[in-house]
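Contents: one structure, followed by commentary.
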Amino acid sequence: MKKNIIIKVCTGTGGIASGGEEVLSAFRDAVSSSGIKAIFNERCSAQKVGCRGFCAKDVLVDVIINGEKTTYKHIKQDMVQRIVDEHILNGKAVEEWTVGEDYHTFHDRQTKVVLSHCGEIDPEDINAYMAVGGYDAARKAVCSMTPKEIVDTVKNSNLRGRGGAGFPTGLKWELGMRIKSDIKYVICNGDEGDPGAFMDRSVMEGDPHSVIEGMIICAKATESGHGYIYVRAEYPLAVKRLQMAIDQCRENGFLGSNIFGSGFDFDLRIFQGAGAFVCGEATALMRSIEGKRGMPSPKLWRSAEKGLWDRPTVLNNVETFANIPRIIMNGAEWYSNLGTERSGGTKVFSLSGKVKNTGLIEVPFGTSLKKIIYDIGGGIEGGKAFKALQTGGPSGGCIPAESLEIEVDYESLAQAGSIMGSGGMVVLDETSCMVNTAKFFLEFTQAESCGKCTPCRIGTKRMLEILERITSGNGKEEDIDLLEELCRYIRAASLCGLGMTAPNPVLSTLRYFRDEYEAHIRDKRCPAAVCKDLITYSVVEELCTGCGACKRACPADAVRGTRKSPHRIDADACVKCGTCFDACKFKAIRKQ
Amino acid sequence: MVNLTIDGKKVRVRKLSTLLDAAGKLDIPIPTLCHHPALSPFGGCRLCLVEVNGSPKPVAACTTFAKEGMEVVTSNPRLEKMRRTTLELILSDHPQDCMVCERAGDCKLQELAYFYGIRENRFKGERRIYEKKDGNPFLVRDMEKCILCGKCVRICDEIQGVGAIDFAYRGMKTKICPPFERDLDCEFCGQCVSVCPTGALTGRMWANKGRQNFKEVDTICPYCGCGCNITLHIWRNKVRRVSSREDTPNEGWLCAKGRFGYSFINHRHRLKKPLIRIAPKEKDEGRGRKEEINPSSAPRPSAIFREASWDEALDYIAVRLKEVKEKHGQDAIGGLSSARCTNEENYLFQKFMRAVIGTNNIDHCARY
Amino acid sequence: MEETLQKILDDYKKNNGNIITILQDIEKNFGFIPEYAVNWISKKLDIPASRFFGCATFYSQFHLRHRGKNIVTVCRGTACHVKGSERLINRLLMELDIPRDEDTTADLKFTVEKVNCIGACGIAPVTILNNEVHGKITLDKLMKEIKKIKAGE
């Protein structure tokens, strides 16, 4: 019997952090060992693949024997030999290591368009991409479509910018197509700065060619000769894989001059960001590529007219570009049918926080939040109660339990006081304090403000000060009104999107969780027992066994007591670090 | 041309005019702090926000082009409240020391705070504190008073072409400073001082020399043939400060000499009468010995020169020129003219050298 | 130092770089942005040093001071925050005895840094220890790694 065996090892950032490289090389060693070579000849190979979205179970390994896939989870280097011995050589899967039902429901309930290649193909090999139809769309667009045909297809697909604002991509390209200039630019925005969002990283790491292909098609539609991919500094692996992909494209004649032999020239290069959230803003990003401080510039001109170096520029997000090849190949209608009337296609979300299945998910527009959290995400971790879903990163807001029926798209999230943003979804449970959460985001935007305009520079600082006051128990009754006024002011008066959306976390938590603010201000109490200044740690005497674990762990020597008798915590010495709470095995430390 | 309506008044402006330009044409005041007509648009202070039909959010008048049929509202309770909040925020991060500030009475921020009647500030909070002071000889840079309008950065870059300062850091920590926060070390044209809307940038030499009751005298800068228009600020018969108005041929721009080089006016060493040498000339006196001259041991000027009247001095020159010409020929005489003279004066001087003396030995200091 | 700088300058010319790429090269070669390097390049290129300083202080990737030999980066993204990265960083600073408002130990051995989000939210909380990403980290695990480094020196 002849067998074809393919072993796929996840080597995204998550996979590598969990030891993916070691697992891969262990498999490679095993595969190239003489025993296996003798049996399978060249028909057994171990590949690296991109992130498949379920990072919590990394390292994930697929063993595919004659097309039949078995997936293993939490694989470590020393587990490889047993898989080789039992599964590959004897055809008997190691049942106790395979993924459970949750892995399959997690994937089966998604609709994968952008992520369809992630975790399936070797991102470092252009042939793997071409084997699944890669660059067919680009060839078709460059060789046999007019710019207008491409633009119309994208327009009809109802694809909207995945960077967060949801501007129709087709319209943007049409503007770019209409404006005449000898030099035009296509920019891919890979400055995924929203904390809690990592879909762009996964696409760039797991399927870099689809992004490049999308950019080639865009270049043809707008007749641009130059492209940039702006990748943030924190994503070294994405840079490496994109660079490999670009080099392979040049070798194959897909980039450079006379691409696909069509006479059309297009080349692109990577620009590595240097660490500034605000560079996700289009004008700031262009200033950054120009080598300047990433301060947003006033929008006297649209980017399609005067963008990078004052030349017409079309800028789209990574995910947007990754959608393009599929739209060209499968047609606009197929894509628009996937989504809702207002937004076509699917959207990738990164689900994280206090949810069982954390990772990347892709669902069509119109899927309810409830389905995302409970059906795909598997519900709340540790049996705790759901409190809120934070979407859209620091520019977004928190959506409470009663709004979970919302069918997700740009407008519905905005109505709920949040935004789509780039698609981060962080689940918060009953142990999260909403005032603290708002403060966390404001700390972020405040630190990332470029400092150019008054509302953002000073306004967010003052908001943060008010929130600090509230969370430390010094809030005043009028602080809530002042906060609301500042929010509305900053939203209306700021220069760029960072400032305009900075108040969203505060506004949405004020809207749905006002009682928590009031508890902090009036009762000097943090209902979720998070805010350090408003909680005390004490020992529950009945539960304390006097084991001394807390005493040993306490960095401030605040725990007093003798062995085998209940301890107590000296409130004056306690620095409220929570070490004792974690150290106690008997739940005898109370936090309130 | 574009037609639009601002506060109900119709106006016709050139294409690519901003709303601020258009409002200016109608003489409708819109407060600004970061705008300067000669500099690139910035859009940072957010005071010039106006409402435009069809836009849900207010737009900055300084960075929005006028479009055909636009209806603009420059003032209503909502906009005024926002402007007030902006000012409150700026003032919450600004020292409250107008009493001793050099720019009091001539400060755009103070003026706006006055117009908006900001007595109480609802946004008290942490303020930037910069202990290190810039030790340069010409400018006082009090960055705690800086509102980050960026005019100094833009003028230094766009008008002066120097780029001695730039924005550094970000967020609340943003500050404008020379590289590595060293002391300013540039050509000290002081252009940045002239556009600063607050007391952040002032002249060291006019510090604490008076703020009000200046007599302002418009005159021409004597330093070079450019002839920049300057305004002397005089108090008690002394020049306390020099500035230049924007409606002059030099558009208000000055160089280091014009702006800061006025201390000679009341200097005790200033020459007010011609001097004729009385001490014999030492052979090796001159260029080579310059570094050895020690002011304390040098002979007093009165021991070398004596004062003379203009008539006497000119007669003396005429006699000596004639003598030299007769004895050594006309080409033994050379004339060196000065950039501080006007064009006409320079023309006359070369005419004098060529036609009267009869030599082509004529040159000008600006050639060196 | 000049030799390295000359190489950076040549690369800049060859690759059509800009201020940010130069600063990235300087940071890569020296571990921080020395004033001398900026002034040297600024003079060669006739670009005001203030531009370099402006960029070097704007982007968090650049550092103006020497950093520790080992860099511990704690992710402060939302998912990591929710999973307790704030406490992690506070306790780390305490364990390493790093003074308030500083980020580096007195002996220049360790620097503790925050990063906004490295996009590994699925395995939060995340730290990067000398370019190696560690997911689902706890203080104990982290201190074990740090002790390993200390012992290895």
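By order in the structure tokens, chains are A, B, ...; within a chain, residues start at 1; ligands start at 1, following the order shown.
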
Practice item. Within 9 Å of chain A, which residues of chain B are there when counting only C-alpha atoms? Please give them as a VMD selection string. Key: chain B and resid 18 41 to 47 49 56 to 60 63 to 65 82 85 to 87 89 to 90 92 to 93 122 to 126 147 to 150 167 to 175

Practice item. Counting only C-alpha atoms, collect the residues of chain A whose closest atom lies at most 6 Å from chain C, and write them out as number ranges by chain. Key: A: 14, 17, 55-56, 195-196, 198, 234, 274-276, 291, 293, 352-353, 358-359

Prev. selection, C-alpha atoms, output as a compact mmCIF listing (two decimals), in the first residue's frame:
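Written file, again_20.txt:
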# COMPACT_ATOMS: atom_id res chain seq x y z
CA GLY A 14 1.97 31.73 18.78
CA ALA A 17 6.35 30.72 21.26
CA CYS A 55 -3.23 29.55 19.43
CA ALA A 56 -4.37 28.44 22.86
CA PRO A 195 -4.02 45.74 21.29
CA GLY A 196 -6.04 42.57 21.13
CA PHE A 198 -3.77 39.98 15.45
CA GLU A 234 6.63 44.26 16.66
CA ALA A 274 9.33 51.90 14.44
CA GLY A 275 6.71 51.58 17.11
CA ALA A 276 3.93 54.14 17.14
CA GLY A 291 10.89 59.22 7.24
CA ARG A 293 7.49 61.80 12.75
CA SER A 352 -9.29 36.77 23.26
CA GLY A 353 -9.70 37.50 26.92
CA THR A 358 -9.12 32.17 22.14
CA GLY A 359 -7.85 32.72 18.66

Point to revise | strand (DSSP E or B) per DSSP on the backbone: members of region 68-168 of chain B, as number ranges by chain | key: B: 71-73, 139-141, 166-168

Neighbour list for region 5-15 of chain C as a PDB file with C-alpha atoms, in the first residue's frame, cut-off 9 Å, only C-alpha atoms, skip fewer than 6 positions in-chain:
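Contents of selection-v6.pdb, freshly written:
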ATOM      1  CA  THR C  21      15.756  53.449   8.366  1.00  0.00           C
ATOM      2  CA  ILE C  22      19.008  55.130   9.411  1.00  0.00           C
ATOM      3  CA  ASP C  25      20.312  50.750  11.616  1.00  0.00           C
ATOM      4  CA  ILE C  26      21.944  52.818  14.350  1.00  0.00           C
ATOM      5  CA  ALA C  37      26.119  59.021  15.626  1.00  0.00           C
ATOM      6  CA  TRP C  40      27.845  62.560  12.365  1.00  0.00           C
ATOM      7  CA  ILE C  41      25.174  61.343   9.955  1.00  0.00           C
ATOM      8  CA  LYS C  44      27.166  64.028   6.186  1.00  0.00           C
ATOM      9  CA  LEU C  45      23.652  64.219   4.813  1.00  0.00           C
TER      10      LEU C  45
END

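Of the listed residues (C:Thr4, C:Ile33, C:Lys69, C:Lys28), C:Ile33 comes nearest to chain B; the distances count only C-alpha atoms.
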
Check your understanding: Excluding same-chain residues fewer than 4 positions from region 386-393 of chain A, what lies within 6 Å of it counting only C-alpha atoms, as a list in words?
Key -> Asp194, Pro195, Gly397, Cys398, Ile399, Pro400, Ile419, Met420, Gly421, Gly423, Gly424, Met425, Val426, Val427, Leu428, Asp429 and Glu430 of chain A
